[in-house]
Amino acid sequence: MSSPRARKPAGSVALVGAGTGDPGLLAVRATELLQAADLVLADARCGDALLALARPDAEVVVTAPGELQGAALVAAAKEGRAVVRLLPGDPFVGDEGAKEAEAVTKAKQRLEVVPGVPHAVAVPAYAGVAVGLPRTVARVTDGTDWRSLAGAPGTLVLLCTAGDVGKAAASLMEHGRKAETAMSVTVGGTTSHQHTVLTTLTAADTDARGLDGDVVVVVGEPVKKAERLSWFESRPLYGWKVLVPRTRDQAGALSAQLRGYGAVPVEVPTIAVEPPRTPAPMDRAVKGIGDGRYMWVAFTSTNAVKAVREKLEECGLDARIFSGVKVAAVGDATAQALVDFGIRPDLVPSGEQSSEGLLADWAPYDETFDPMDRVFLPRADIATDTLLAGLKDLGWAVDDVTAYRTVRAAPPPAETREALKGGGFDAVLFTSSSTVRNLVGIAGKPHDTTVLACIGPATKAAAEELGLRVDVLSPKPDVATLVEALAEFAAARRAEGEAPPSAARKKKATKR
């Protein structure tokens, strides 16, 4: 009796709308499918940002614009693969999506369609143009029926290139639209390079002359309110290129906050974190936590939390070892790292988030109430002795252990160094004294017109020792407050009519 033939796993095809290419505007379902796909066939017009959502082991193929992939989709699905076909905007706005969907259903393969936000919808919203209804959307081609478009009721949305703007405006006026009709032209919509020109049909050819690339044009009454409703381009740090001298792991939340204010963050690690040269002290200290040697464990950085966590996991242990031990954190970020590990700290400074702030709230050792007097202090090899000395003054015995070493990172690429020294960055955020010294050491001093923002007085002092001018000092030593302080500084400049430093330099150079 012959054995039954092994069945191939069922494959699937998802046509996914990439929208404008901004990952933040993707449907949740689109993100799920991209993260689960075995194969991603992406139209080149979708851009690279979305491809980062694919699994590291997924096959990613970029296809030419308009090139039909029906046969490839069917073949991959028959092999049992989960396939995502990324198309710009919405899958059914152009002809390709419908034709590819037909090929998949004809071959009796599983199909799913995930809508995307079309450029004609997303870009006007980002430009502050409330298009409303009725609206007419058209792509400008050689065969465009200008008579019908000029006579269409409501607002007109046109997809074209910057070079076609003048022709479109002239054609609409030729077929009856009034010369003073309001018009907006947006290039780079929903990206950090978005720029909107507000004009009229009669002035469009002149006003849009400096634009280049694909644009979204809106013609009609809603454009008159665009200046009041503009939110994307009016954010305080919009157009600012900000250097973030932190490792990629540490810069994530900071960079996300900068993007929320409209900035373009560029992450440049200045410090590399490495294990201690001699692991034995950390091994003994971690064993001491479980043996009941310590009354307290004090964490002064997220790197210290990470180092202890990795050492515990290396030994097959977890957060339960801290049962019966009190835990202190120097600030909110360190406290959150502990919570993520499953440990809720007993002490976080109520005032200043620093070693001094922690000491201000730390009670002296009392042999009546404290069963033991020992504190485990895991920290960097270059950490200051403020907390160590303060705890000893309070009567505590401290095991000061090097949990990790900080070394200077490799220099960034040449173009980054040149941009830093030549004024290509609008601002630099300094989050510690070592980031100041290390950035100058590996990349040089920032341009004298670049805005420098420091997280606290010690960091400011380190910058000034190197001859740097500090423009922004965070009122509270944490990165979230530092970004807010920079945003307030930029907003004040914007209110005074000043452009970002790099834009002002370019304008000055052009005049020369």
# chains A, B, ... in the order shown; residues from 1 in each chain; ligands from 1
>>> residues_around(residues="region 100-109 of chain A", least_positions_apart="3", cutoff="8 Å", atoms="only C-alpha atoms", output="VMD selection string")
chain A and resid 11 to 13 15 68 to 71 73 to 74 77 to 78 96 to 97
>>> write_last_selection(atoms="C-alpha atoms", output="PDB file, in the first residue's frame")
ATOM      1  CA  GLY A  11       0.174  29.632   0.596  1.00  0.00           C
ATOM      2  CA  SER A  12      -1.452  33.055   0.512  1.00  0.00           C
ATOM      3  CA  VAL A  13      -1.218  36.393  -1.267  1.00  0.00           C
ATOM      4  CA  LEU A  15      -2.194  42.894  -1.836  1.00  0.00           C
ATOM      5  CA  LEU A  68       2.667  43.147 -13.233  1.00  0.00           C
ATOM      6  CA  GLN A  69       3.605  40.354 -10.793  1.00  0.00           C
ATOM      7  CA  GLY A  70       0.559  38.083 -11.068  1.00  0.00           C
ATOM      8  CA  ALA A  71       2.504  35.034 -12.247  1.00  0.00           C
ATOM      9  CA  LEU A  73       2.494  35.809  -6.834  1.00  0.00           C
ATOM     10  CA  VAL A  74       0.688  32.654  -7.960  1.00  0.00           C
ATOM     11  CA  ALA A  77       1.599  30.893  -3.203  1.00  0.00           C
ATOM     12  CA  LYS A  78       1.584  27.419  -4.818  1.00  0.00           C
ATOM     13  CA  GLU A  96      -1.969  46.685 -11.429  1.00  0.00           C
ATOM     14  CA  GLY A  97      -3.716  45.664  -8.215  1.00  0.00           C
TER      15      GLY A  97
END
>>> residues_around(residues="Glu267 (chain A)", least_positions_apart="5", cutoff="12 Å", atoms="only C-alpha atoms", output="PDB file with C-alpha atoms, in the first residue's frame")
ATOM      1  CA  LYS A 241      18.138  67.790  11.266  1.00  0.00           C
ATOM      2  CA  VAL A 242      19.188  66.732  14.771  1.00  0.00           C
ATOM      3  CA  LEU A 243      22.227  64.655  15.664  1.00  0.00           C
ATOM      4  CA  VAL A 244      21.554  62.179  18.479  1.00  0.00           C
ATOM      5  CA  PRO A 245      24.868  60.945  19.932  1.00  0.00           C
ATOM      6  CA  ARG A 246      23.571  57.725  21.489  1.00  0.00           C
ATOM      7  CA  THR A 247      23.613  54.043  20.641  1.00  0.00           C
ATOM      8  CA  ARG A 248      20.727  52.748  18.506  1.00  0.00           C
ATOM      9  CA  ASP A 249      19.229  50.869  21.490  1.00  0.00           C
ATOM     10  CA  GLN A 250      19.216  54.008  23.633  1.00  0.00           C
ATOM     11  CA  ALA A 251      18.157  56.449  20.910  1.00  0.00           C
ATOM     12  CA  GLY A 252      14.858  54.785  19.970  1.00  0.00           C
ATOM     13  CA  ALA A 253      12.486  56.676  22.275  1.00  0.00           C
ATOM     14  CA  LEU A 254      14.457  59.914  21.944  1.00  0.00           C
ATOM     15  CA  SER A 255      14.378  59.759  18.127  1.00  0.00           C
ATOM     16  CA  ALA A 256      10.658  58.950  18.149  1.00  0.00           C
ATOM     17  CA  LEU A 258      12.055  64.194  17.933  1.00  0.00           C
ATOM     18  CA  PRO A 412      30.873  57.977  11.999  1.00  0.00           C
ATOM     19  CA  PRO A 413      30.964  58.037   8.161  1.00  0.00           C
ATOM     20  CA  THR A 416      28.364  62.746   8.864  1.00  0.00           C
ATOM     21  CA  PHE A 425      22.963  69.641  11.402  1.00  0.00           C
ATOM     22  CA  VAL A 428      22.991  68.336  18.553  1.00  0.00           C
ATOM     23  CA  LEU A 429      21.622  66.759  21.720  1.00  0.00           C
ATOM     24  CA  PHE A 430      24.184  65.997  24.432  1.00  0.00           C
ATOM     25  CA  LEU A 439      31.541  63.173  19.774  1.00  0.00           C
TER      26      LEU A 439
END
>>> residues_around(residues="Tyr294 (chain A)", least_positions_apart="2", cutoff="8 Å", atoms="only C-alpha atoms", output="PyMOL selection string")
chain A and resi 288-289+292+296-297+325+372-376
>>> write_last_selection(atoms="N, CA and C atoms", output="short mmCIF file (atom, residue, chain, number, x, y, z; two decimals), in the first residue's frame")
data_model
loop_
_atom_site.label_atom_id
_atom_site.label_comp_id
_atom_site.auth_asym_id
_atom_site.auth_seq_id
_atom_site.Cartn_x
_atom_site.Cartn_y
_atom_site.Cartn_z
N GLY A 288 25.73 37.04 45.39
CA GLY A 288 25.42 37.62 46.69
C GLY A 288 23.98 38.09 46.82
N ILE A 289 23.35 38.49 45.69
CA ILE A 289 21.95 38.90 45.74
C ILE A 289 21.09 37.73 46.21
N GLY A 292 21.47 36.61 49.95
CA GLY A 292 21.03 37.51 51.02
C GLY A 292 22.13 38.40 51.55
N TRP A 296 20.37 46.46 49.77
CA TRP A 296 19.97 47.28 48.63
C TRP A 296 20.80 46.92 47.39
N VAL A 297 20.18 47.11 46.21
CA VAL A 297 20.91 47.16 44.94
C VAL A 297 20.54 48.49 44.30
N VAL A 325 15.08 41.88 48.49
CA VAL A 325 16.13 42.90 48.35
C VAL A 325 15.47 44.21 47.92
N MET A 372 20.87 44.36 57.53
CA MET A 372 22.27 44.37 57.09
C MET A 372 22.59 45.74 56.52
N ASP A 373 23.87 46.00 56.32
CA ASP A 373 24.29 47.36 55.95
C ASP A 373 24.91 47.45 54.56
N ARG A 374 24.78 46.38 53.76
CA ARG A 374 25.54 46.35 52.51
C ARG A 374 24.68 46.69 51.29
N VAL A 375 25.29 47.49 50.38
CA VAL A 375 24.64 47.91 49.13
C VAL A 375 25.49 47.42 47.95
N PHE A 376 24.82 46.84 46.95
CA PHE A 376 25.49 46.46 45.70
C PHE A 376 25.28 47.60 44.70
#
>>> residues_around(residues="Gly239 (chain A)", least_positions_apart="5", cutoff="9 Å", atoms="only C-alpha atoms", output="PDB file with N, CA and C atoms, in the first residue's frame")
ATOM      1  N   SER A 192       9.486  63.876   5.870  1.00  0.00           N
ATOM      2  CA  SER A 192      10.201  64.970   6.546  1.00  0.00           C
ATOM      3  C   SER A 192      10.604  66.064   5.566  1.00  0.00           C
ATOM      4  N   HIS A 193      10.447  65.804   4.259  1.00  0.00           N
ATOM      5  CA  HIS A 193      10.815  66.801   3.247  1.00  0.00           C
ATOM      6  C   HIS A 193       9.586  67.490   2.666  1.00  0.00           C
ATOM      7  N   GLN A 194       8.424  67.295   3.283  1.00  0.00           N
ATOM      8  CA  GLN A 194       7.204  67.910   2.747  1.00  0.00           C
ATOM      9  C   GLN A 194       7.335  69.430   2.689  1.00  0.00           C
ATOM     10  N   GLU A 233       3.720  70.895   8.890  1.00  0.00           N
ATOM     11  CA  GLU A 233       4.878  71.739   8.597  1.00  0.00           C
ATOM     12  C   GLU A 233       5.070  72.850   9.633  1.00  0.00           C
ATOM     13  N   GLY A 262       8.633  66.908  14.544  1.00  0.00           N
ATOM     14  CA  GLY A 262       8.917  67.254  13.156  1.00  0.00           C
ATOM     15  C   GLY A 262      10.369  67.181  12.750  1.00  0.00           C
ATOM     16  N   ALA A 263      11.261  66.798  13.650  1.00  0.00           N
ATOM     17  CA  ALA A 263      12.685  66.760  13.324  1.00  0.00           C
ATOM     18  C   ALA A 263      13.065  65.486  12.578  1.00  0.00           C
ATOM     19  N   VAL A 264      14.256  65.525  11.979  1.00  0.00           N
ATOM     20  CA  VAL A 264      14.836  64.346  11.336  1.00  0.00           C
ATOM     21  C   VAL A 264      16.043  63.932  12.183  1.00  0.00           C
ATOM     22  N   ASP A 426      21.154  70.958  12.284  1.00  0.00           N
ATOM     23  CA  ASP A 426      20.555  72.132  12.923  1.00  0.00           C
ATOM     24  C   ASP A 426      20.764  72.127  14.430  1.00  0.00           C
ATOM     25  N   ALA A 499      14.283  80.798  10.311  1.00  0.00           N
ATOM     26  CA  ALA A 499      14.288  79.454   9.738  1.00  0.00           C
ATOM     27  C   ALA A 499      15.261  78.589  10.520  1.00  0.00           C
ATOM     28  N   PRO A 500      15.211  77.255  10.357  1.00  0.00           N
ATOM     29  CA  PRO A 500      16.213  76.397  10.985  1.00  0.00           C
ATOM     30  C   PRO A 500      17.618  76.838  10.579  1.00  0.00           C
ATOM     31  N   ALA A 503      18.833  75.905   7.067  1.00  0.00           N
ATOM     32  CA  ALA A 503      18.090  76.580   6.003  1.00  0.00           C
ATOM     33  C   ALA A 503      18.561  78.019   5.851  1.00  0.00           C
TER      34      ALA A 503
END
>>> closest_residue(among="A:Ala120, A:Ala409, A:Val61, A:Ala10", to="Ile271 (chain A)", atoms="only C-alpha atoms")
A:Ala409
>>> select_by_dssp(residues="region 281-496 of chain A", states="strand (DSSP E)", output="ChimeraX atom specification")
/A:296-299,326-329,374-380,397-408,427-430,451-454,472-473
>>> write_last_selection(atoms="N, CA and C atoms", output="compact mmCIF listing (two decimals), in the first residue's frame")
# COMPACT_ATOMS: atom_id res chain seq x y z
N TRP A 296 20.37 46.46 49.77
CA TRP A 296 19.97 47.28 48.63
C TRP A 296 20.80 46.92 47.39
N VAL A 297 20.18 47.11 46.21
CA VAL A 297 20.91 47.16 44.94
C VAL A 297 20.54 48.49 44.30
N ALA A 298 21.54 49.30 43.97
CA ALA A 298 21.30 50.65 43.42
C ALA A 298 21.72 50.71 41.95
N PHE A 299 20.77 51.05 41.10
CA PHE A 299 21.04 51.14 39.66
C PHE A 299 21.09 52.61 39.25
N LYS A 326 15.89 45.31 48.52
CA LYS A 326 15.37 46.61 48.09
C LYS A 326 16.17 47.11 46.89
N VAL A 327 15.45 47.77 45.98
CA VAL A 327 16.07 48.21 44.73
C VAL A 327 15.85 49.72 44.56
N ALA A 328 16.93 50.42 44.19
CA ALA A 328 16.86 51.87 43.94
C ALA A 328 17.21 52.15 42.49
N ALA A 329 16.56 53.17 41.91
CA ALA A 329 16.84 53.59 40.54
C ALA A 329 17.09 55.09 40.54
N ARG A 374 24.78 46.38 53.76
CA ARG A 374 25.54 46.35 52.51
C ARG A 374 24.68 46.69 51.29
N VAL A 375 25.29 47.49 50.38
CA VAL A 375 24.64 47.91 49.13
C VAL A 375 25.49 47.42 47.95
N PHE A 376 24.82 46.84 46.95
CA PHE A 376 25.49 46.46 45.70
C PHE A 376 25.28 47.60 44.70
N LEU A 377 26.39 48.16 44.20
CA LEU A 377 26.33 49.29 43.27
C LEU A 377 26.98 48.89 41.95
N PRO A 378 26.20 48.33 41.00
CA PRO A 378 26.75 47.98 39.69
C PRO A 378 26.76 49.21 38.79
N ARG A 379 27.90 49.55 38.19
CA ARG A 379 27.94 50.77 37.39
C ARG A 379 29.08 50.74 36.38
N ALA A 380 29.22 51.84 35.64
CA ALA A 380 30.24 51.93 34.61
C ALA A 380 31.62 52.13 35.22
N ALA A 397 27.79 50.17 53.87
CA ALA A 397 28.96 49.52 53.25
C ALA A 397 28.59 49.24 51.80
N VAL A 398 29.48 49.59 50.87
CA VAL A 398 29.12 49.51 49.45
C VAL A 398 30.08 48.59 48.70
N ASP A 399 29.50 47.64 47.94
CA ASP A 399 30.28 46.86 46.99
C ASP A 399 30.18 47.56 45.64
N ASP A 400 31.21 48.35 45.32
CA ASP A 400 31.26 49.12 44.09
C ASP A 400 31.84 48.23 42.99
N VAL A 401 30.99 47.78 42.06
CA VAL A 401 31.39 46.77 41.08
C VAL A 401 31.25 47.32 39.66
N THR A 402 32.29 47.13 38.86
CA THR A 402 32.21 47.51 37.45
C THR A 402 31.33 46.50 36.71
N ALA A 403 30.15 46.96 36.30
CA ALA A 403 29.21 46.09 35.59
C ALA A 403 29.44 46.13 34.09
N TYR A 404 29.97 47.25 33.61
CA TYR A 404 30.26 47.39 32.19
C TYR A 404 31.29 48.48 31.98
N ARG A 405 31.95 48.42 30.84
CA ARG A 405 32.92 49.45 30.49
C ARG A 405 32.37 50.29 29.34
N THR A 406 32.65 51.58 29.35
CA THR A 406 32.28 52.43 28.24
C THR A 406 33.54 52.83 27.49
N VAL A 407 33.54 52.58 26.20
CA VAL A 407 34.69 52.92 25.36
C VAL A 407 34.21 53.82 24.22
N ARG A 408 35.11 54.57 23.68
CA ARG A 408 34.75 55.48 22.59
C ARG A 408 34.38 54.67 21.35
N ALA A 427 20.85 70.93 15.01
CA ALA A 427 21.03 70.83 16.47
C ALA A 427 21.74 69.53 16.81
N VAL A 428 22.38 69.54 17.98
CA VAL A 428 22.99 68.34 18.55
C VAL A 428 22.49 68.22 19.98
N LEU A 429 22.05 67.01 20.35
CA LEU A 429 21.62 66.76 21.72
C LEU A 429 22.75 66.05 22.47
N PHE A 430 23.16 66.63 23.60
CA PHE A 430 24.18 66.00 24.43
C PHE A 430 23.52 65.47 25.70
N VAL A 451 22.71 74.57 16.91
CA VAL A 451 22.15 74.70 18.26
C VAL A 451 22.58 73.50 19.10
N LEU A 452 23.15 73.75 20.26
CA LEU A 452 23.60 72.69 21.16
C LEU A 452 22.69 72.64 22.38
N ALA A 453 22.17 71.45 22.68
CA ALA A 453 21.27 71.27 23.82
C ALA A 453 21.87 70.25 24.77
N CYS A 454 21.93 70.59 26.05
CA CYS A 454 22.55 69.72 27.06
C CYS A 454 21.54 69.28 28.11
N VAL A 472 20.71 75.49 24.78
CA VAL A 472 19.55 74.95 25.49
C VAL A 472 20.03 74.08 26.64
N LEU A 473 19.51 74.35 27.84
CA LEU A 473 19.81 73.51 29.00
C LEU A 473 18.50 72.94 29.51
>>> atom_distance(atom1="CA of Val215 (chain A)", atom2="CA of Gly188 (chain A)")
7.2 Å
>>> closest_residue(among="A:Ala208, A:Val129, A:Ala42, A:Ala461", to="Trp231 (chain A)", atoms="only C-alpha atoms")
A:Val129
>>> decode(residues="region 306-389 of chain A", atoms="C-alpha atoms", output="CSV table (one decimal), in the first residue's frame")
chain,number,residue,atom,x,y,z
A,306,LYS,CA,21.0,45.5,31.3
A,307,ALA,CA,24.4,44.3,32.5
A,308,VAL,CA,22.9,42.7,35.7
A,309,ARG,CA,20.0,41.2,33.7
A,310,GLU,CA,22.4,39.6,31.2
A,311,LYS,CA,24.6,38.2,34.0
A,312,LEU,CA,21.5,36.7,35.7
A,313,GLU,CA,20.3,35.2,32.5
A,314,GLU,CA,23.8,33.8,31.8
A,315,CYS,CA,23.5,32.0,35.2
A,316,GLY,CA,20.0,30.8,34.5
A,317,LEU,CA,18.4,33.2,36.9
A,318,ASP,CA,15.7,35.9,36.6
A,319,ALA,CA,14.1,38.8,38.5
A,320,ARG,CA,12.8,36.5,41.3
A,321,ILE,CA,16.3,36.6,42.8
A,322,PHE,CA,15.5,40.2,44.0
A,323,SER,CA,12.8,38.9,46.3
A,324,GLY,CA,13.6,40.4,49.8
A,325,VAL,CA,16.1,42.9,48.3
A,326,LYS,CA,15.4,46.6,48.1
A,327,VAL,CA,16.1,48.2,44.7
A,328,ALA,CA,16.9,51.9,43.9
A,329,ALA,CA,16.8,53.6,40.5
A,330,VAL,CA,18.5,56.9,39.8
A,331,GLY,CA,15.6,58.1,37.5
A,332,ASP,CA,12.5,57.3,35.6
A,333,ALA,CA,14.3,55.7,32.6
A,334,THR,CA,16.3,53.4,34.8
A,335,ALA,CA,13.1,52.6,36.8
A,336,GLN,CA,11.3,51.7,33.6
A,337,ALA,CA,14.2,49.3,32.6
A,338,LEU,CA,13.7,47.6,35.9
A,339,VAL,CA,10.0,47.3,35.5
A,340,ASP,CA,10.5,45.8,32.0
A,341,PHE,CA,12.7,43.2,33.8
A,342,GLY,CA,9.9,42.5,36.3
A,343,ILE,CA,11.3,44.6,39.2
A,344,ARG,CA,9.4,47.5,40.7
A,345,PRO,CA,12.0,49.8,42.4
A,346,ASP,CA,11.5,50.7,46.0
A,347,LEU,CA,13.2,54.1,45.7
A,348,VAL,CA,13.3,56.6,42.8
A,349,PRO,CA,14.3,60.3,43.6
A,350,SER,CA,11.4,62.5,44.3
A,351,GLY,CA,13.3,65.5,43.2
A,352,GLU,CA,16.3,65.8,40.9
A,353,GLN,CA,17.0,62.6,39.0
A,354,SER,CA,20.7,62.2,39.7
A,355,SER,CA,23.0,60.7,42.2
A,356,GLU,CA,22.5,63.7,44.4
A,357,GLY,CA,18.7,63.4,44.2
A,358,LEU,CA,18.9,59.7,45.1
A,359,LEU,CA,21.1,60.5,48.1
A,360,ALA,CA,18.6,63.2,49.2
A,361,ASP,CA,15.9,60.5,49.6
A,362,TRP,CA,18.1,57.7,50.9
A,363,ALA,CA,17.8,57.0,54.6
A,364,PRO,CA,20.9,56.5,56.8
A,365,TYR,CA,21.8,53.0,57.9
A,366,ASP,CA,20.0,52.1,61.1
A,367,GLU,CA,21.1,48.9,62.8
A,368,THR,CA,17.8,48.7,64.6
A,369,PHE,CA,15.7,48.6,61.5
A,370,ASP,CA,18.1,47.4,58.8
A,371,PRO,CA,19.0,43.7,59.0
A,372,MET,CA,22.3,44.4,57.1
A,373,ASP,CA,24.3,47.4,55.9
A,374,ARG,CA,25.5,46.3,52.5
A,375,VAL,CA,24.6,47.9,49.1
A,376,PHE,CA,25.5,46.5,45.7
A,377,LEU,CA,26.3,49.3,43.3
A,378,PRO,CA,26.8,48.0,39.7
A,379,ARG,CA,27.9,50.8,37.4
A,380,ALA,CA,30.2,51.9,34.6
A,381,ASP,CA,34.0,51.9,34.9
A,382,ILE,CA,34.1,55.7,34.4
A,383,ALA,CA,31.2,56.6,36.8
A,384,THR,CA,31.7,59.4,39.3
A,385,ASP,CA,32.1,58.6,43.0
A,386,THR,CA,29.2,60.9,44.2
A,387,LEU,CA,26.8,58.1,45.0
A,388,LEU,CA,29.5,55.8,46.4
A,389,ALA,CA,30.8,58.5,48.8
